[in-house]
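Source file: query22.cif (mmCIF, C-alpha atoms)
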```cif
data_model
loop_
_atom_site.group_PDB
_atom_site.id
_atom_site.type_symbol
_atom_site.label_atom_id
_atom_site.label_comp_id
_atom_site.auth_asym_id
_atom_site.auth_seq_id
_atom_site.Cartn_x
_atom_site.Cartn_y
_atom_site.Cartn_z
ATOM 1 C CA ASN P 1 -70.231 -130.524 -68.019
ATOM 2 C CA ILE P 2 -71.991 -127.249 -67.174
ATOM 3 C CA PRO P 3 -70.115 -124.124 -68.349
ATOM 4 C CA PRO P 4 -69.180 -121.344 -65.916
ATOM 5 C CA PRO P 5 -72.182 -119.471 -64.404
ATOM 6 C CA ARG P 6 -71.371 -116.263 -66.287
ATOM 7 C CA MET P 7 -73.084 -117.711 -69.338
ATOM 8 C CA PRO P 8 -76.838 -116.851 -69.619
ATOM 9 C CA LEU P 9 -79.290 -119.451 -68.360
ATOM 10 C CA SER P 10 -80.676 -120.266 -71.798
ATOM 11 C CA GLN P 11 -77.169 -120.963 -73.169
ATOM 12 C CA ARG P 12 -76.250 -123.060 -70.105
ATOM 13 C CA GLU P 13 -79.300 -125.273 -70.592
ATOM 14 C CA THR P 14 -78.560 -125.696 -74.322
ATOM 15 C CA VAL P 15 -74.875 -126.505 -73.863
ATOM 16 C CA ALA P 16 -75.622 -128.869 -70.974
ATOM 17 C CA LEU P 17 -77.608 -131.060 -73.374
ATOM 18 C CA ILE P 18 -74.458 -131.672 -75.458
ATOM 19 C CA PRO P 19 -71.753 -133.660 -73.654
ATOM 20 C CA ARG P 20 -68.181 -132.749 -74.452
ATOM 21 C CA GLY P 21 -66.723 -134.915 -77.191
ATOM 22 C CA ALA P 22 -70.124 -136.186 -78.294
ATOM 23 C CA ALA P 23 -71.429 -133.268 -80.348
ATOM 24 C CA SER P 24 -72.756 -135.368 -83.210
ATOM 25 C CA ARG P 25 -75.149 -134.071 -85.828
ATOM 26 C CA SER P 26 -78.045 -136.264 -84.638
ATOM 27 C CA TYR P 27 -77.640 -135.124 -81.040
ATOM 28 C CA VAL P 28 -77.617 -131.472 -82.076
ATOM 29 C CA LEU P 29 -80.692 -132.073 -84.232
ATOM 30 C CA ARG P 30 -82.622 -133.634 -81.345
ATOM 31 C CA ALA P 31 -81.667 -130.756 -79.065
ATOM 32 C CA GLY P 32 -82.825 -128.245 -81.668
ATOM 33 C CA ILE P 33 -86.167 -130.033 -82.095
ATOM 34 C CA ALA P 34 -86.710 -130.045 -78.309
ATOM 35 C CA ALA P 35 -85.953 -126.328 -78.095
ATOM 36 C CA ALA P 36 -88.326 -125.599 -80.984
ATOM 37 C CA MET P 37 -91.136 -127.611 -79.348
ATOM 38 C CA PHE P 38 -90.593 -125.728 -76.084
ATOM 39 C CA LEU P 39 -90.785 -122.386 -77.924
ATOM 40 C CA VAL P 40 -93.962 -123.370 -79.780
ATOM 41 C CA GLY P 41 -95.567 -124.536 -76.530
ATOM 42 C CA THR P 42 -94.740 -121.236 -74.814
ATOM 43 C CA ILE P 43 -96.255 -119.230 -77.673
ATOM 44 C CA ALA P 44 -99.344 -121.439 -77.655
ATOM 45 C CA MET P 45 -99.831 -120.946 -73.918
ATOM 46 C CA GLY P 46 -99.614 -117.189 -74.342
ATOM 47 C CA GLY P 47 -102.081 -117.265 -77.210
ATOM 48 C CA TYR P 48 -104.548 -119.368 -75.257
ATOM 49 C CA SER P 49 -104.262 -117.025 -72.278
ATOM 50 C CA MET P 50 -105.013 -114.015 -74.459
ATOM 51 C CA LEU P 51 -107.885 -115.855 -76.150
ATOM 52 C CA GLY P 52 -109.340 -116.953 -72.828
ATOM 53 C CA SER P 53 -109.222 -113.425 -71.412
ATOM 54 C CA ALA P 54 -110.836 -112.076 -74.585
ATOM 55 C CA LEU P 55 -113.674 -114.603 -74.401
ATOM 56 C CA GLY P 56 -114.138 -114.018 -70.682
ATOM 57 C CA THR P 57 -113.287 -117.582 -69.650
ATOM 58 C CA THR P 58 -111.736 -118.012 -66.240
ATOM 59 C CA ALA P 59 -109.706 -121.212 -66.748
ATOM 60 C CA PRO P 60 -108.518 -121.891 -70.332
ATOM 61 C CA LYS P 61 -107.042 -125.332 -71.061
ATOM 62 C CA ILE P 62 -104.285 -126.530 -73.411
ATOM 63 C CA SER P 63 -102.948 -129.922 -74.464
ATOM 64 C CA ILE P 64 -99.211 -130.387 -73.883
ATOM 65 C CA GLY P 65 -97.653 -133.795 -74.459
ATOM 66 C CA GLY P 66 -101.064 -135.445 -74.661
ATOM 67 C CA LYS P 67 -102.150 -134.075 -71.268
ATOM 68 C CA MET P 68 -104.749 -131.401 -70.688
ATOM 69 C CA MET P 69 -103.438 -128.607 -68.476
ATOM 70 C CA THR P 70 -105.430 -125.744 -66.957
ATOM 71 C CA LEU P 71 -103.800 -122.375 -67.386
ATOM 72 C CA PRO P 72 -103.898 -119.954 -64.441
ATOM 73 C CA SER P 73 -106.065 -116.902 -64.961
ATOM 74 C CA ILE P 74 -106.285 -113.538 -63.225
ATOM 75 C CA PRO P 75 -109.735 -112.082 -62.497
ATOM 76 C CA SER P 76 -110.575 -108.864 -64.270
ATOM 77 C CA ASP P 77 -111.329 -106.980 -61.043
ATOM 78 C CA TYR P 78 -107.985 -107.880 -59.453
ATOM 79 C CA GLY P 79 -106.116 -104.883 -58.063
ATOM 80 C CA ARG P 80 -104.537 -103.315 -55.030
ATOM 81 C CA ASP P 81 -105.621 -100.144 -53.343
ATOM 82 C CA VAL P 82 -102.532 -98.042 -52.596
ATOM 83 C CA LYS P 83 -102.921 -95.449 -49.831
ATOM 84 C CA VAL P 84 -100.407 -92.877 -48.603
ATOM 85 C CA CYS P 85 -100.711 -92.031 -44.909
ATOM 86 C CA SER P 86 -99.829 -88.506 -43.832
ATOM 87 C CA ARG P 87 -96.381 -88.260 -42.236
ATOM 88 C CA GLN P 88 -95.925 -91.991 -42.756
ATOM 89 C CA ARG P 89 -94.362 -94.287 -45.324
ATOM 90 C CA LYS P 90 -96.310 -95.715 -48.261
ATOM 91 C CA TYR P 91 -98.189 -98.912 -47.573
ATOM 92 C CA GLU P 92 -100.052 -101.182 -49.961
ATOM 93 C CA ILE P 93 -103.229 -102.369 -48.280
ATOM 94 C CA ARG P 94 -105.975 -104.410 -49.845
ATOM 95 C CA GLU P 95 -109.296 -102.697 -49.331
ATOM 96 C CA HIS P 96 -111.028 -105.768 -47.896
ATOM 97 C CA PHE P 97 -108.229 -106.137 -45.309
ATOM 98 C CA ARG P 98 -108.490 -102.585 -43.953
ATOM 99 C CA GLU P 99 -110.432 -102.109 -40.734
ATOM 100 C CA ALA P 100 -112.912 -99.281 -40.319
ATOM 101 C CA ILE P 101 -111.897 -96.045 -38.586
ATOM 102 C CA LYS P 102 -114.383 -95.400 -35.786
ATOM 103 C CA MET P 103 -115.747 -92.245 -34.159
ATOM 104 C CA GLY P 104 -114.201 -90.399 -31.214
ATOM 105 C CA MET P 105 -115.124 -87.726 -28.669
ATOM 106 C CA VAL P 106 -113.802 -84.514 -27.169
ATOM 107 C CA GLY P 107 -113.117 -84.099 -23.461
ATOM 108 C CA THR P 108 -111.356 -82.020 -20.829
ATOM 109 C CA LYS P 109 -108.408 -83.271 -18.793
ATOM 110 C CA ALA P 110 -109.524 -83.253 -15.154
ATOM 111 C CA GLY P 111 -106.346 -84.645 -13.589
ATOM 112 C CA MET P 112 -104.564 -87.839 -12.570
ATOM 113 C CA THR P 113 -105.234 -90.258 -9.740
ATOM 114 C CA THR P 114 -104.637 -93.893 -8.755
ATOM 115 C CA TYR P 115 -107.023 -96.685 -9.685
ATOM 116 C CA PHE P 116 -106.894 -99.857 -7.547
ATOM 117 C CA ASP P 117 -107.908 -103.139 -9.152
ATOM 118 C CA GLN P 118 -110.207 -104.951 -6.721
ATOM 119 C CA GLU P 119 -109.303 -108.399 -8.059
ATOM 120 C CA THR P 120 -105.521 -108.233 -8.368
ATOM 121 C CA GLY P 121 -104.801 -105.360 -5.991
ATOM 122 C CA GLU P 122 -102.676 -103.569 -8.586
ATOM 123 C CA ALA P 123 -102.440 -99.772 -8.530
ATOM 124 C CA HIS P 124 -102.771 -98.111 -11.941
ATOM 125 C CA PRO P 125 -101.909 -94.461 -12.676
ATOM 126 C CA VAL P 126 -104.927 -93.128 -14.550
ATOM 127 C CA THR P 127 -106.118 -89.866 -16.066
ATOM 128 C CA VAL P 128 -109.709 -88.702 -15.681
ATOM 129 C CA ILE P 129 -111.171 -87.023 -18.777
ATOM 130 C CA ALA P 130 -114.333 -85.048 -18.043
ATOM 131 C CA LEU P 131 -117.085 -84.772 -20.663
ATOM 132 C CA GLU P 132 -118.479 -81.255 -20.393
ATOM 133 C CA PRO P 133 -121.768 -80.173 -22.029
ATOM 134 C CA GLY P 134 -121.399 -80.620 -25.761
ATOM 135 C CA ASN P 135 -120.123 -83.475 -27.917
ATOM 136 C CA GLN P 136 -122.902 -82.897 -30.437
ATOM 137 C CA VAL P 137 -122.616 -83.415 -34.169
ATOM 138 C CA ALA P 138 -122.391 -80.008 -35.832
ATOM 139 C CA GLN P 139 -121.887 -81.129 -39.440
ATOM 140 C CA VAL P 140 -121.552 -84.332 -41.448
ATOM 141 C CA LYS P 141 -119.162 -84.023 -44.387
ATOM 142 C CA THR P 142 -119.357 -86.399 -47.366
ATOM 143 C CA LYS P 143 -117.326 -86.942 -50.523
ATOM 144 C CA GLU P 144 -120.140 -85.499 -52.648
ATOM 145 C CA THR P 145 -120.306 -82.177 -50.784
ATOM 146 C CA ASP P 146 -116.826 -81.720 -49.293
ATOM 147 C CA GLY P 147 -114.563 -84.207 -51.053
ATOM 148 C CA TYR P 148 -113.963 -86.354 -47.936
ATOM 149 C CA GLU P 149 -115.941 -88.015 -45.165
ATOM 150 C CA ALA P 150 -115.779 -86.617 -41.649
ATOM 151 C CA VAL P 151 -117.946 -85.732 -38.672
ATOM 152 C CA GLN P 152 -117.605 -82.299 -37.082
ATOM 153 C CA VAL P 153 -118.237 -82.256 -33.338
ATOM 154 C CA ALA P 154 -119.064 -79.166 -31.258
ATOM 155 C CA TYR P 155 -117.876 -79.129 -27.650
ATOM 156 C CA LYS P 156 -118.074 -77.036 -24.480
ATOM 157 C CA GLN P 157 -121.198 -74.906 -24.405
ATOM 158 C CA CYS P 158 -120.665 -71.182 -23.830
ATOM 159 C CA ARG P 159 -122.425 -67.829 -24.139
ATOM 160 C CA ASP P 160 -123.284 -66.507 -27.575
ATOM 161 C CA ARG P 161 -121.148 -63.397 -27.313
ATOM 162 C CA THR P 162 -117.984 -65.408 -26.597
ATOM 163 C CA ILE P 163 -117.780 -66.745 -30.160
ATOM 164 C CA THR P 164 -117.857 -64.962 -33.505
ATOM 165 C CA TRP P 165 -121.018 -64.406 -35.529
ATOM 166 C CA PRO P 166 -119.989 -66.779 -38.386
ATOM 167 C CA GLU P 167 -119.387 -69.568 -35.881
ATOM 168 C CA ARG P 168 -122.767 -68.950 -34.278
ATOM 169 C CA GLN P 169 -124.539 -69.055 -37.649
ATOM 170 C CA HIS P 170 -122.657 -72.196 -38.640
ATOM 171 C CA LEU P 171 -123.924 -74.037 -35.551
ATOM 172 C CA ARG P 172 -127.474 -72.811 -36.099
ATOM 173 C CA LYS P 173 -127.473 -73.744 -39.777
ATOM 174 C CA HIS P 174 -126.306 -77.349 -39.526
ATOM 175 C CA GLY P 175 -127.551 -78.665 -36.212
ATOM 176 C CA ASN P 176 -129.445 -75.759 -34.628
ATOM 177 C CA LEU P 177 -126.983 -76.048 -31.751
ATOM 178 C CA PRO P 178 -126.259 -73.551 -28.972
ATOM 179 C CA ALA P 179 -122.964 -71.701 -28.888
ATOM 180 C CA MET P 180 -119.997 -74.067 -28.543
ATOM 181 C CA LYS P 181 -116.417 -73.037 -27.981
ATOM 182 C CA HIS P 182 -114.614 -75.824 -29.904
ATOM 183 C CA LEU P 183 -115.155 -77.550 -33.251
ATOM 184 C CA VAL P 184 -113.252 -80.788 -33.925
ATOM 185 C CA GLU P 185 -113.368 -83.045 -36.985
ATOM 186 C CA PHE P 186 -113.088 -86.843 -36.906
ATOM 187 C CA LYS P 187 -112.339 -88.545 -40.209
ATOM 188 C CA ILE P 188 -114.041 -91.942 -40.151
ATOM 189 C CA SER P 189 -114.850 -94.666 -42.652
ATOM 190 C CA ASP P 190 -118.665 -94.456 -42.535
ATOM 191 C CA VAL P 191 -120.634 -91.303 -41.686
ATOM 192 C CA SER P 192 -124.084 -92.711 -42.430
ATOM 193 C CA ALA P 193 -124.800 -93.362 -38.738
ATOM 194 C CA PHE P 194 -124.459 -89.681 -37.760
ATOM 195 C CA GLU P 195 -126.642 -86.641 -38.363
ATOM 196 C CA PRO P 196 -126.437 -82.959 -37.317
ATOM 197 C CA GLY P 197 -127.595 -82.334 -33.771
ATOM 198 C CA GLN P 198 -126.942 -85.901 -32.592
ATOM 199 C CA GLN P 199 -125.639 -86.309 -29.043
ATOM 200 C CA LEU P 200 -122.595 -88.577 -28.750
ATOM 201 C CA LYS P 201 -122.469 -91.076 -25.896
ATOM 202 C CA ALA P 202 -119.240 -92.493 -24.478
ATOM 203 C CA GLU P 203 -120.790 -95.864 -23.647
ATOM 204 C CA GLU P 204 -121.974 -96.249 -27.248
ATOM 205 C CA LEU P 205 -118.586 -95.421 -28.783
ATOM 206 C CA PHE P 206 -116.201 -97.109 -26.327
ATOM 207 C CA GLU P 207 -115.988 -100.101 -24.032
ATOM 208 C CA ILE P 208 -113.798 -100.876 -21.050
ATOM 209 C CA GLY P 209 -110.524 -102.309 -22.321
ATOM 210 C CA ASP P 210 -110.557 -100.493 -25.667
ATOM 211 C CA LEU P 211 -107.330 -98.812 -26.772
ATOM 212 C CA VAL P 212 -107.594 -95.100 -27.577
ATOM 213 C CA ASP P 213 -105.348 -92.330 -28.870
ATOM 214 C CA VAL P 214 -105.507 -89.083 -26.891
ATOM 215 C CA SER P 215 -104.395 -85.859 -28.593
ATOM 216 C CA GLY P 216 -103.922 -82.461 -27.010
ATOM 217 C CA THR P 217 -101.593 -79.520 -26.479
ATOM 218 C CA SER P 218 -98.640 -80.260 -24.213
ATOM 219 C CA VAL P 219 -97.646 -78.076 -21.265
ATOM 220 C CA GLY P 220 -95.584 -75.054 -22.316
ATOM 221 C CA LYS P 221 -92.211 -74.791 -20.570
ATOM 222 C CA GLY P 222 -91.002 -71.542 -22.100
ATOM 223 C CA PHE P 223 -87.518 -70.895 -23.488
ATOM 224 C CA GLN P 224 -85.210 -73.735 -22.471
ATOM 225 C CA GLY P 225 -81.565 -74.562 -23.122
ATOM 226 C CA SER P 226 -80.275 -77.452 -25.164
ATOM 227 C CA ILE P 227 -79.620 -79.624 -22.102
ATOM 228 C CA ARG P 228 -83.218 -79.681 -20.931
ATOM 229 C CA ARG P 229 -84.808 -79.379 -24.353
ATOM 230 C CA TRP P 230 -82.794 -82.049 -26.174
ATOM 231 C CA GLY P 231 -81.024 -83.938 -23.373
ATOM 232 C CA MET P 232 -77.501 -82.860 -24.343
ATOM 233 C CA LYS P 233 -74.549 -83.331 -22.005
ATOM 234 C CA ARG P 234 -72.931 -80.447 -20.182
ATOM 235 C CA GLY P 235 -69.255 -79.555 -20.156
ATOM 236 C CA PRO P 236 -66.783 -79.871 -17.266
ATOM 237 C CA MET P 237 -67.666 -77.837 -14.184
ATOM 238 C CA THR P 238 -64.050 -77.506 -12.903
ATOM 239 C CA HIS P 239 -60.414 -77.300 -14.072
ATOM 240 C CA GLY P 240 -60.877 -73.898 -15.639
ATOM 241 C CA SER P 241 -63.648 -74.876 -18.080
ATOM 242 C CA LYS P 242 -65.553 -71.906 -19.495
ATOM 243 C CA SER P 243 -68.276 -74.032 -21.121
ATOM 244 C CA HIS P 244 -70.579 -75.527 -18.526
ATOM 245 C CA ARG P 245 -74.079 -75.583 -20.039
ATOM 246 C CA GLN P 246 -73.397 -73.914 -23.367
ATOM 247 C CA HIS P 247 -74.538 -75.379 -26.643
ATOM 248 C CA GLY P 248 -71.112 -75.559 -28.294
ATOM 249 C CA SER P 249 -70.324 -75.560 -31.999
ATOM 250 C CA ILE P 250 -73.262 -75.009 -34.345
ATOM 251 C CA GLY P 251 -71.552 -75.698 -37.676
ATOM 252 C CA CYS P 252 -68.493 -75.537 -39.911
ATOM 253 C CA SER P 253 -66.433 -72.462 -40.743
ATOM 254 C CA ALA P 254 -65.595 -71.828 -44.410
ATOM 255 C CA THR P 255 -67.679 -74.684 -45.779
ATOM 256 C CA PRO P 256 -70.636 -74.280 -45.908
ATOM 257 C CA SER P 257 -70.369 -71.007 -43.969
ATOM 258 C CA ARG P 258 -73.878 -71.335 -42.603
ATOM 259 C CA VAL P 259 -75.910 -73.174 -39.974
ATOM 260 C CA TYR P 260 -77.781 -76.262 -41.164
ATOM 261 C CA LYS P 261 -81.565 -76.142 -40.913
ATOM 262 C CA GLY P 262 -83.121 -78.176 -38.126
ATOM 263 C CA LEU P 263 -80.122 -77.930 -35.804
ATOM 264 C CA LYS P 264 -81.008 -78.759 -32.207
ATOM 265 C CA MET P 265 -80.561 -75.546 -30.248
ATOM 266 C CA ALA P 266 -82.133 -73.675 -27.359
ATOM 267 C CA GLY P 267 -85.676 -72.466 -27.925
ATOM 268 C CA ASN P 268 -89.318 -72.731 -26.906
ATOM 269 C CA MET P 269 -90.173 -76.084 -25.340
ATOM 270 C CA GLY P 270 -93.630 -77.638 -25.164
ATOM 271 C CA ASN P 271 -96.924 -76.006 -26.135
ATOM 272 C CA GLU P 272 -97.317 -78.252 -29.188
ATOM 273 C CA ARG P 273 -99.778 -80.862 -30.338
ATOM 274 C CA VAL P 274 -98.944 -84.314 -28.947
ATOM 275 C CA THR P 275 -100.702 -87.663 -29.369
ATOM 276 C CA VAL P 276 -100.325 -90.477 -26.833
ATOM 277 C CA LYS P 277 -101.261 -93.783 -28.430
ATOM 278 C CA LYS P 278 -102.765 -97.055 -27.222
ATOM 279 C CA LEU P 279 -104.078 -96.049 -23.795
ATOM 280 C CA PRO P 280 -106.538 -98.621 -22.360
ATOM 281 C CA ILE P 281 -109.887 -97.432 -21.008
ATOM 282 C CA MET P 282 -110.290 -98.372 -17.338
ATOM 283 C CA ALA P 283 -113.775 -96.928 -16.695
ATOM 284 C CA LEU P 284 -116.407 -94.692 -18.312
ATOM 285 C CA SER P 285 -119.863 -93.375 -17.512
ATOM 286 C CA ASP P 286 -122.450 -91.302 -19.374
ATOM 287 C CA ASP P 287 -124.347 -90.489 -16.180
ATOM 288 C CA GLU P 288 -121.322 -88.971 -14.447
ATOM 289 C CA ASN P 289 -119.690 -87.809 -17.724
ATOM 290 C CA TYR P 290 -116.152 -89.138 -17.516
ATOM 291 C CA ILE P 291 -113.679 -91.452 -19.235
ATOM 292 C CA VAL P 292 -110.766 -92.933 -17.282
ATOM 293 C CA VAL P 293 -107.687 -94.053 -19.221
ATOM 294 C CA ARG P 294 -104.513 -95.673 -17.929
ATOM 295 C CA GLY P 295 -101.448 -93.448 -18.274
ATOM 296 C CA SER P 296 -100.850 -89.755 -18.853
ATOM 297 C CA VAL P 297 -102.301 -87.526 -21.551
ATOM 298 C CA PRO P 298 -100.916 -84.250 -22.954
ATOM 299 C CA GLY P 299 -101.519 -80.918 -21.243
ATOM 300 C CA LYS P 300 -102.453 -79.721 -17.791
ATOM 301 C CA LYS P 301 -105.787 -79.625 -16.010
ATOM 302 C CA GLY P 302 -108.406 -78.044 -18.230
ATOM 303 C CA THR P 303 -106.717 -78.950 -21.518
ATOM 304 C CA ILE P 304 -109.096 -79.910 -24.331
ATOM 305 C CA VAL P 305 -108.214 -83.414 -25.578
ATOM 306 C CA GLU P 306 -109.499 -85.619 -28.390
ATOM 307 C CA VAL P 307 -110.202 -89.274 -27.608
ATOM 308 C CA ARG P 308 -110.458 -91.571 -30.628
ATOM 309 C CA PRO P 309 -110.030 -95.342 -31.165
ATOM 310 C CA THR P 310 -106.428 -96.301 -31.841
ATOM 311 C CA LYS P 311 -105.480 -95.993 -35.499
ATOM 312 C CA ILE P 312 -102.705 -98.380 -36.542
ATOM 313 C CA VAL P 313 -100.785 -97.748 -39.761
ATOM 314 C CA GLY P 314 -101.104 -100.793 -41.979
ATOM 315 C CA VAL P 315 -104.375 -101.858 -40.357
ATOM 316 C CA HIS P 316 -106.720 -98.862 -40.457
ATOM 317 C CA CYS P 317 -104.978 -96.542 -42.903
#
```
Represent the supplied structure as structure tokens.
Amino acid sequence: NIPPPRMPLSQRETVALIPRGAASRSYVLRAGIAAAMFLVGTIAMGGYSMLGSALGTTAPKISIGGKMMTLPSIPSDYGRDVKVCSRQRKYEIREHFREAIKMGMVGTKAGMTTYFDQETGEAHPVTVIALEPGNQVAQVKTKETDGYEAVQVAYKQCRDRTITWPERQHLRKHGNLPAMKHLVEFKISDVSAFEPGQQLKAEELFEIGDLVDVSGTSVGKGFQGSIRRWGMKRGPMTHGSKSHRQHGSIGCSATPSRVYKGLKMAGNMGNERVTVKKLPIMALSDDENYIVVRGSVPGKKGTIVEVRPTKIVGVHC
């Protein structure tokens, strides 16, 4: 007895109440009364909800069919905190679900070696990160003074004449620190635990087994062709081929009569900022000034790297 589904839902429900061949006046009247009662009840529920929110009540009640029903209410402070992560998609994260972003350190890549687990006998490829003199807080930035919260860390002590005068005065003004060659900022959730001149300790910030992100400048490989730079395939080496390792076509002819931006071609390879994520810490020591992580990190020996707790999109930011 139900009409085809193209008919709107409200019309389908109304017509379904009237069987074919039995559309008497009394039946139509009862259906109209039922629809009117449903409409009045809906309006009453909306009015009670508005009245309850105006009076500040959390659970207004209404009598429907002789039964008292509690209407659902939404707290006044309900809301979602929408954050946009840089170079990432938009994520909606409730503020009380987001984990705090913790502090990191600066180090120098000392090289790679093999770490043998005494219990399992497994051999792990690890990178040793040396902690040279430095890792002192140079400045604490807050939303009131700078518009965002961050901790500026000074690293690698050097002679005064090797840095500029403004940099020297900046270090003296905020933390009365000696000359440092590098300044790195770490944006964290809470900066109240840090103050200018404070010495950072690896054992206080990290533990064995923690996952860290290591950022640095990758090894420069100079000008490279498309095969090495982008992994393209080469052409035939025999049968009279004149195109062995050439790039090939770079675009159309008449339309659009230009080369598209971002085309993968030969060019400079490496020497760019790279971040390797989720590297576990195998060992660390403040007395001997080192952090050992499993896996490789960007750069060659002597590269300045930043070690910070892993930041997961959707969890921390």
Problem - Option closest in space to Val212 in chain P, from P:Ile33, P:Val151, P:Val259, P:Met103 [counting all atoms listed in the file] - result: P:Met103
Practice task
To verify the selection step, state as a PyMOL selection string which residues the PyMOL selection byres ((chain P and resi 122-133) around 9) yields on this input.
Solution key: chain P and resi 105-121+134-136+155-157+202+282+286+288-297+305
Practice task
Using CA of Arg228 in chain P and CA of Ile304 in chain P as the two end points, give the distance in Å to one decimal.
Solution key: 26.1 Å
Which residues fall under the PyMOL selection byres ((chain P and resi 137) around 10) in this file, as a PDB file with C-alpha atoms, in the coordinates of the input?
```pdb
ATOM      1  CA  GLY P 134    -121.399 -80.620 -25.761  1.00  0.00           C
ATOM      2  CA  ASN P 135    -120.123 -83.475 -27.917  1.00  0.00           C
ATOM      3  CA  GLN P 136    -122.902 -82.897 -30.437  1.00  0.00           C
ATOM      4  CA  ALA P 138    -122.391 -80.008 -35.832  1.00  0.00           C
ATOM      5  CA  GLN P 139    -121.887 -81.129 -39.440  1.00  0.00           C
ATOM      6  CA  VAL P 140    -121.552 -84.332 -41.448  1.00  0.00           C
ATOM      7  CA  VAL P 151    -117.946 -85.732 -38.672  1.00  0.00           C
ATOM      8  CA  GLN P 152    -117.605 -82.299 -37.082  1.00  0.00           C
ATOM      9  CA  VAL P 153    -118.237 -82.256 -33.338  1.00  0.00           C
ATOM     10  CA  ALA P 154    -119.064 -79.166 -31.258  1.00  0.00           C
ATOM     11  CA  TYR P 155    -117.876 -79.129 -27.650  1.00  0.00           C
ATOM     12  CA  LEU P 171    -123.924 -74.037 -35.551  1.00  0.00           C
ATOM     13  CA  HIS P 174    -126.306 -77.349 -39.526  1.00  0.00           C
ATOM     14  CA  GLY P 175    -127.551 -78.665 -36.212  1.00  0.00           C
ATOM     15  CA  LEU P 177    -126.983 -76.048 -31.751  1.00  0.00           C
ATOM     16  CA  LEU P 183    -115.155 -77.550 -33.251  1.00  0.00           C
ATOM     17  CA  VAL P 184    -113.252 -80.788 -33.925  1.00  0.00           C
ATOM     18  CA  GLU P 185    -113.368 -83.045 -36.985  1.00  0.00           C
ATOM     19  CA  PHE P 194    -124.459 -89.681 -37.760  1.00  0.00           C
ATOM     20  CA  GLU P 195    -126.642 -86.641 -38.363  1.00  0.00           C
ATOM     21  CA  PRO P 196    -126.437 -82.959 -37.317  1.00  0.00           C
ATOM     22  CA  GLY P 197    -127.595 -82.334 -33.771  1.00  0.00           C
ATOM     23  CA  GLN P 198    -126.942 -85.901 -32.592  1.00  0.00           C
ATOM     24  CA  GLN P 199    -125.639 -86.309 -29.043  1.00  0.00           C
ATOM     25  CA  LEU P 200    -122.595 -88.577 -28.750  1.00  0.00           C
TER      26      LEU P 200
END
```
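Ranking P:Gly235, P:Pro298, P:Gly104, P:Gly147 by their shortest atom-to-atom distance to Gly270 in chain P, with all atoms listed in the file included, puts P:Pro298 first.
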Step by step, gather every atom of range 286-293 of chain P that the file lists, find the box along x, y and z that holds them, add 3 Å on each side, and finally give centre and edge lengths in Å to one decimal, as lines of an AutoDock Vina configuration file.
```
center_x = -116.0
center_y = -90.9
center_z = -16.9
size_x = 22.7
size_y = 12.2
size_z = 10.9
```
Exercise for the section: Kindly give the distance, in Å, that separates CA of Val214 in chain P and CA of Pro280 in chain P, rounded to a single decimal. Expected result: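 Separation of CA of Val214 in chain P and CA of Pro280 in chain P: 10.6 Å.
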Exercise for the section: Work out how far CA of Arg234 in chain P is from CA of Ile250 in chain P, in Å to one decimal. Expected result: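 That distance, rounded to one decimal, is 15.2 Å.
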Problem - Minimum-distance residue to Ala193 in chain P, chosen among P:Arg30, P:Ala266, P:Lys102, P:Ser253 (using only C-alpha atoms) - result: P:Lys102
Problem - Output of the PyMOL selection byres ((chain P and resi 187) around 6), listed as a VMD selection string - result: chain P and resid 150 186 188
Produce a file of the selected residues containing C-alpha atoms, as a short mmCIF file (atom, residue, chain, number, x, y, z; two decimals), in the coordinates of the input.
```cif
data_model
loop_
_atom_site.label_atom_id
_atom_site.label_comp_id
_atom_site.auth_asym_id
_atom_site.auth_seq_id
_atom_site.Cartn_x
_atom_site.Cartn_y
_atom_site.Cartn_z
CA ALA P 150 -115.78 -86.62 -41.65
CA PHE P 186 -113.09 -86.84 -36.91
CA ILE P 188 -114.04 -91.94 -40.15
#
```
Problem - Which residue of P:Glu207, P:His316, P:Val219, P:Ser249 approaches Leu284 in chain P most closely, using all atoms listed in the file - result: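 Among the listed residues, the smallest separation from Leu284 in chain P belongs to P:Glu207.
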Handout entry: Nearest candidate to Phe206 in chain P (options P:Ala35, P:Thr275, P:Tyr148, P:Ile281; using all atoms listed in the file)
Key =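 Result for the nearest residue to Phe206 in chain P: P:Ile281.
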